[in-house]
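Undergrad: One file is attached below, final.pdb, containing PDB, C-alpha atoms.
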```pdb
MODEL        1
ATOM      1  CA  MET A 273     206.711   2.230 132.117
ATOM      2  CA  ILE A 274     208.483   2.616 135.426
ATOM      3  CA  LEU A 275     208.913  -1.162 135.691
ATOM      4  CA  VAL A 276     210.277  -1.384 132.171
ATOM      5  CA  LEU A 277     212.854   1.312 132.870
ATOM      6  CA  PHE A 278     213.776  -0.257 136.216
ATOM      7  CA  PHE A 279     214.554  -3.632 134.647
ATOM      8  CA  SER A 280     216.372  -2.064 131.728
ATOM      9  CA  LYS A 281     218.650  -0.031 134.004
ATOM     10  CA  THR A 282     219.127  -2.694 136.691
ATOM     11  CA  LEU A 283     219.916  -5.524 134.270
ATOM     12  CA  GLY A 284     221.784  -3.325 131.793
ATOM     13  CA  LEU A 285     219.479  -4.341 128.952
ATOM     14  CA  SER A 286     218.652  -2.335 125.887
ATOM     15  CA  LEU A 287     215.007  -1.469 125.600
ATOM     16  CA  GLU A 288     212.865  -2.222 122.575
ATOM     17  CA  LEU A 289     209.356  -0.814 122.524
ATOM     18  CA  LEU A 290     207.173  -2.783 120.123
ATOM     19  CA  SER A 291     203.792  -1.918 118.682
ATOM     20  CA  VAL A 292     202.106  -4.561 116.531
ATOM     21  CA  VAL A 293     199.383  -3.487 114.131
ATOM     22  CA  GLU A 294     197.001  -6.337 113.441
ATOM     23  CA  HIS A 295     194.850  -6.268 110.353
ATOM     24  CA  LEU A 296     191.669  -7.872 111.600
ATOM     25  CA  HIS A 297     188.936  -5.999 109.832
ATOM     26  CA  VAL A 298     185.414  -6.259 111.143
ATOM     27  CA  SER A 299     183.012  -4.129 109.177
ATOM     28  CA  ALA A 300     180.869  -1.557 110.909
ATOM     29  CA  GLN A 301     178.165  -2.426 108.409
ATOM     30  CA  THR A 302     176.228  -5.143 110.185
ATOM     31  CA  ASP A 303     173.907  -6.364 107.461
ATOM     32  CA  LEU A 304     175.726  -7.140 104.231
ATOM     33  CA  SER A 305     173.090  -9.538 102.965
ATOM     34  CA  GLY A 306     170.036  -8.941 100.865
ATOM     35  CA  ASN A 307     169.306  -8.319  97.255
ATOM     36  CA  ILE A 308     172.305  -6.694  95.645
ATOM     37  CA  GLY A 309     171.585  -5.267  92.248
ATOM     38  CA  LEU A 310     173.960  -4.720  89.369
ATOM     39  CA  GLY A 311     176.833  -2.482  90.375
ATOM     40  CA  SER A 312     175.884  -2.550  94.055
ATOM     41  CA  ARG A 313     178.270  -5.401  94.742
ATOM     42  CA  ASP A 314     181.196  -3.386  93.408
ATOM     43  CA  ASP A 315     180.123  -0.361  95.446
ATOM     44  CA  LEU A 316     179.874  -2.492  98.594
ATOM     45  CA  LEU A 317     183.294  -4.035  97.988
ATOM     46  CA  GLU A 318     184.835  -0.611  97.401
ATOM     47  CA  SER A 319     183.192   0.665 100.585
ATOM     48  CA  LEU A 320     184.603  -2.238 102.627
ATOM     49  CA  ILE A 321     188.085  -1.714 101.169
ATOM     50  CA  ASP A 322     187.993   1.997 102.022
ATOM     51  CA  GLU A 323     186.790   1.222 105.535
ATOM     52  CA  GLU A 324     189.637  -1.264 106.076
ATOM     53  CA  LYS A 325     192.266   1.176 104.730
ATOM     54  CA  SER A 326     190.985   3.869 107.060
ATOM     55  CA  GLU A 327     191.102   1.569 110.100
ATOM     56  CA  SER A 328     194.621   0.385 109.236
ATOM     57  CA  LYS A 329     195.911   3.926 108.821
ATOM     58  CA  LYS A 330     194.343   4.923 112.143
ATOM     59  CA  ALA A 331     195.939   1.935 113.941
ATOM     60  CA  ILE A 332     199.346   2.740 112.445
ATOM     61  CA  VAL A 333     199.140   6.394 113.522
ATOM     62  CA  GLU A 334     197.956   5.471 117.040
ATOM     63  CA  GLY A 335     200.806   2.957 117.371
ATOM     64  CA  ARG A 336     203.408   5.492 116.245
ATOM     65  CA  GLU A 337     202.065   8.114 118.645
ATOM     66  CA  MET A 338     202.150   5.651 121.548
ATOM     67  CA  LEU A 339     205.704   4.584 120.707
ATOM     68  CA  SER A 340     206.795   8.202 120.416
ATOM     69  CA  ARG A 341     205.346   9.072 123.847
ATOM     70  CA  LEU A 342     206.974   6.018 125.449
ATOM     71  CA  HIS A 343     210.298   6.753 123.742
ATOM     72  CA  GLU A 344     210.312  10.340 125.041
ATOM     73  CA  ARG A 345     209.386   9.134 128.513
ATOM     74  CA  ALA A 346     212.175   6.535 128.498
ATOM     75  CA  LEU A 347     214.741   9.104 127.383
ATOM     76  CA  SER A 348     213.575  11.574 130.041
ATOM     77  CA  GLN A 349     214.231   8.850 132.636
ATOM     78  CA  GLU A 350     217.772   8.434 131.253
ATOM     79  CA  ALA A 351     217.250   5.088 129.586
ATOM     80  CA  LYS A 352     220.247   4.459 127.343
ATOM     81  CA  ALA A 353     219.525   2.220 124.365
ATOM     82  CA  VAL A 354     215.886   2.708 123.428
ATOM     83  CA  LYS A 355     214.632   1.367 120.121
ATOM     84  CA  ILE A 356     211.091   1.749 118.847
ATOM     85  CA  VAL A 357     209.640  -0.745 116.393
ATOM     86  CA  GLN A 358     206.264  -0.950 114.720
ATOM     87  CA  LYS A 359     205.400  -4.165 112.923
ATOM     88  CA  HIS A 360     202.384  -5.633 111.199
ATOM     89  CA  GLY A 361     200.820  -9.029 111.803
ATOM     90  CA  GLU A 362     200.214 -10.802 115.080
ATOM     91  CA  LEU A 363     201.980 -10.182 118.380
ATOM     92  CA  TYR A 364     202.825 -13.865 118.765
ATOM     93  CA  GLU A 365     204.527 -14.127 115.362
ATOM     94  CA  ASN A 366     206.526 -10.918 115.824
ATOM     95  CA  VAL A 367     207.785 -11.865 119.281
ATOM     96  CA  GLN A 368     208.581 -15.441 118.190
ATOM     97  CA  ALA A 369     210.713 -14.046 115.359
ATOM     98  CA  GLN A 370     212.902 -12.276 117.934
ATOM     99  CA  LYS A 371     212.904 -14.930 120.654
ATOM    100  CA  GLU A 372     216.689 -15.485 120.493
ATOM    101  CA  GLU A 373     217.342 -11.820 121.348
ATOM    102  CA  ILE A 374     214.854 -11.512 124.222
ATOM    103  CA  ARG A 375     216.222 -11.670 127.756
ATOM    104  CA  LEU A 376     213.107 -10.362 129.530
ATOM    105  CA  LEU A 377     209.668  -9.805 128.036
ATOM    106  CA  ILE A 378     207.246  -7.363 129.611
ATOM    107  CA  LEU A 379     203.730  -7.591 128.224
ATOM    108  CA  GLY A 380     200.395  -6.031 128.897
ATOM    109  CA  LEU A 381     198.014  -8.575 130.375
ATOM    110  CA  ARG A 382     195.441  -8.332 127.609
ATOM    111  CA  GLY A 383     194.899  -6.717 124.247
ATOM    112  CA  LYS A 384     191.917  -4.931 122.781
ATOM    113  CA  ASP A 385     190.072  -8.207 122.198
ATOM    114  CA  HIS A 386     189.988  -8.943 125.934
ATOM    115  CA  GLU A 387     190.084  -5.467 127.506
ATOM    116  CA  SER A 388     186.476  -5.686 128.723
ATOM    117  CA  ASN A 389     187.116  -8.953 130.605
ATOM    118  CA  VAL A 390     189.282  -8.166 133.630
ATOM    119  CA  HIS A 391     189.700 -11.868 134.440
ATOM    120  CA  ALA A 392     191.003 -12.895 131.011
ATOM    121  CA  ILE A 393     194.525 -13.089 129.684
ATOM    122  CA  GLY A 394     194.807 -12.377 125.982
ATOM    123  CA  SER A 395     195.091 -15.480 123.810
ATOM    124  CA  GLN A 396     198.323 -14.301 122.178
ATOM    125  CA  VAL A 397     199.815 -13.530 125.575
ATOM    126  CA  GLU A 398     198.848 -16.992 126.770
ATOM    127  CA  GLU A 399     200.496 -18.561 123.716
ATOM    128  CA  LEU A 400     203.701 -16.594 124.340
ATOM    129  CA  ILE A 401     203.774 -17.729 127.973
ATOM    130  CA  ARG A 402     203.467 -21.357 126.883
ATOM    131  CA  THR A 403     206.121 -21.249 124.161
ATOM    132  CA  LEU A 404     208.828 -18.748 125.122
ATOM    133  CA  ASN A 405     211.639 -19.827 127.373
ATOM    134  CA  VAL A 406     212.425 -16.410 128.872
ATOM    135  CA  PRO A 407     211.204 -14.570 131.960
ATOM    136  CA  ILE A 408     207.891 -12.847 131.218
ATOM    137  CA  LEU A 409     206.404 -10.116 133.342
ATOM    138  CA  LEU A 410     202.695  -9.443 132.802
ATOM    139  CA  VAL A 411     201.438  -6.042 133.815
ATOM    140  CA  ASN A 412     198.087  -4.331 133.965
ATOM    141  CA  GLU A 413     197.813  -1.165 131.945
ATOM    142  CA  ALA A 414     198.031   0.940 135.118
ATOM    143  CA  PHE A 415     201.650  -0.186 135.628
ATOM    144  CA  PHE A 416     202.755   0.097 132.031
TER     145      PHE A 416
ENDMDL
END
```
Using the file provided, produce a representation of the structure as structure tokens.

TA:
Amino acid sequence: MILVLFFSKTLGLSLELLSVVEHLHVSAQTDLSGNIGLGSRDDLLESLIDEEKSESKKAIVEGREMLSRLHERALSQEAKAVKIVQKHGELYENVQAQKEEIRLLILGLRGKDHESNVHAIGSQVEELIRTLNVPILLVNEAFF
């Protein structure tokens, strides 16, 4: 966060903190096959829907809490124009939609899909690097 605030102050840029909630549901129930009797299919479908709703709500709350903490931290460091935004979908699509307004993009090196592989760059981050025509600073989570 220190780097973000440094660039914002030094370059006189407003700061937008973005959290993107992706809806990629992978069921915790590993074996969905087998003989499903009458009514069981509906129960299974209802169970999967409830599980997905619960995961989505949890991701939204976690994103809001993170944005709130970062917003408070930015304001305590006297950042001027701080905007927090939470969107749904994919990171790539949400950043592409705002590409005309971006002067500097600071991204975490990898997302949850790649957090266990310290040598990997997230696929969405890689796509943004290839397609955006703005300076991009990649940071490890320790510096963010």

Undergrad: Apply the PyMOL selection byres ((chain A and resi 292-295) around 8) to the displayed file and report the matching residues as a PyMOL selection string.

TA: chain A and resi 290-291+296-297+328+331-332+335+358-363+366

Undergrad: One number please: atom CA of Arg375 of chain A to atom CA of Leu285 of chain A, in Å, one decimal.

TA: 8.1 Å

Undergrad: Determine the nearest neighbour of Leu283 of chain A from the options A:Ala346, A:Val357, A:Ala351, A:Ser340, counting all atoms listed in the file.

TA: A:Ala351

Undergrad: Pick out the closest residue to Leu289 of chain A from this set: A:Leu275, A:Ile356, A:Ala369, A:Met338. Count all atoms listed in the file.

TA: A:Ile356

Undergrad: List every protein, DNA or RNA residue that has at least one atom no more than 12 Å from (196.9, -16.2, 124.0) in the file's coordinates, counting only C-alpha atoms, and write the result as a PyMOL selection string.

TA: chain A and resi 362-365+379-383+385-386+392-403

Undergrad: Draw an axis-aligned box over all listed atoms of segment 399-405 of chain A, pad each side with 4 Å, and write its centre and edge lengths in Å, one decimal, as AutoDock Vina command-line options.

TA:
```
--center_x 206.1 --center_y -19.0 --center_z 125.8 --size_x 19.1 --size_y 12.8 --size_z 12.3
```

Undergrad: Write out as a PyMOL selection string each polymer residue whose atoms come within 9 Å of Ser286 of chain A, counting only C-alpha atoms; drop sequence neighbours fewer than 5 positions from it.

TA: chain A and resi 280-281+351-355

Undergrad: Just the selected residues (C-alpha atoms), exported as an mmCIF file, keeping the file's coordinate frame, please.

TA:
```
data_model
loop_
_atom_site.group_PDB
_atom_site.id
_atom_site.type_symbol
_atom_site.label_atom_id
_atom_site.label_comp_id
_atom_site.auth_asym_id
_atom_site.auth_seq_id
_atom_site.Cartn_x
_atom_site.Cartn_y
_atom_site.Cartn_z
ATOM 1 C CA SER A 280 216.372 -2.064 131.728
ATOM 2 C CA LYS A 281 218.650 -0.031 134.004
ATOM 3 C CA ALA A 351 217.250 5.088 129.586
ATOM 4 C CA LYS A 352 220.247 4.459 127.343
ATOM 5 C CA ALA A 353 219.525 2.220 124.365
ATOM 6 C CA VAL A 354 215.886 2.708 123.428
ATOM 7 C CA LYS A 355 214.632 1.367 120.121
#
```

Undergrad: Under the PyMOL selection byres ((chain A and resi 373) around 12), which residues of this model are included? Write them out as a PyMOL selection string.

TA: chain A and resi 285-288+367-372+374-377+404-406

Undergrad: Calculate how many Å separate atom CA of Lys330 of chain A from atom CA of Leu409 of chain A, rounding to one decimal.

TA: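 Rounded to one decimal, the two atoms are 28.7 Å apart.
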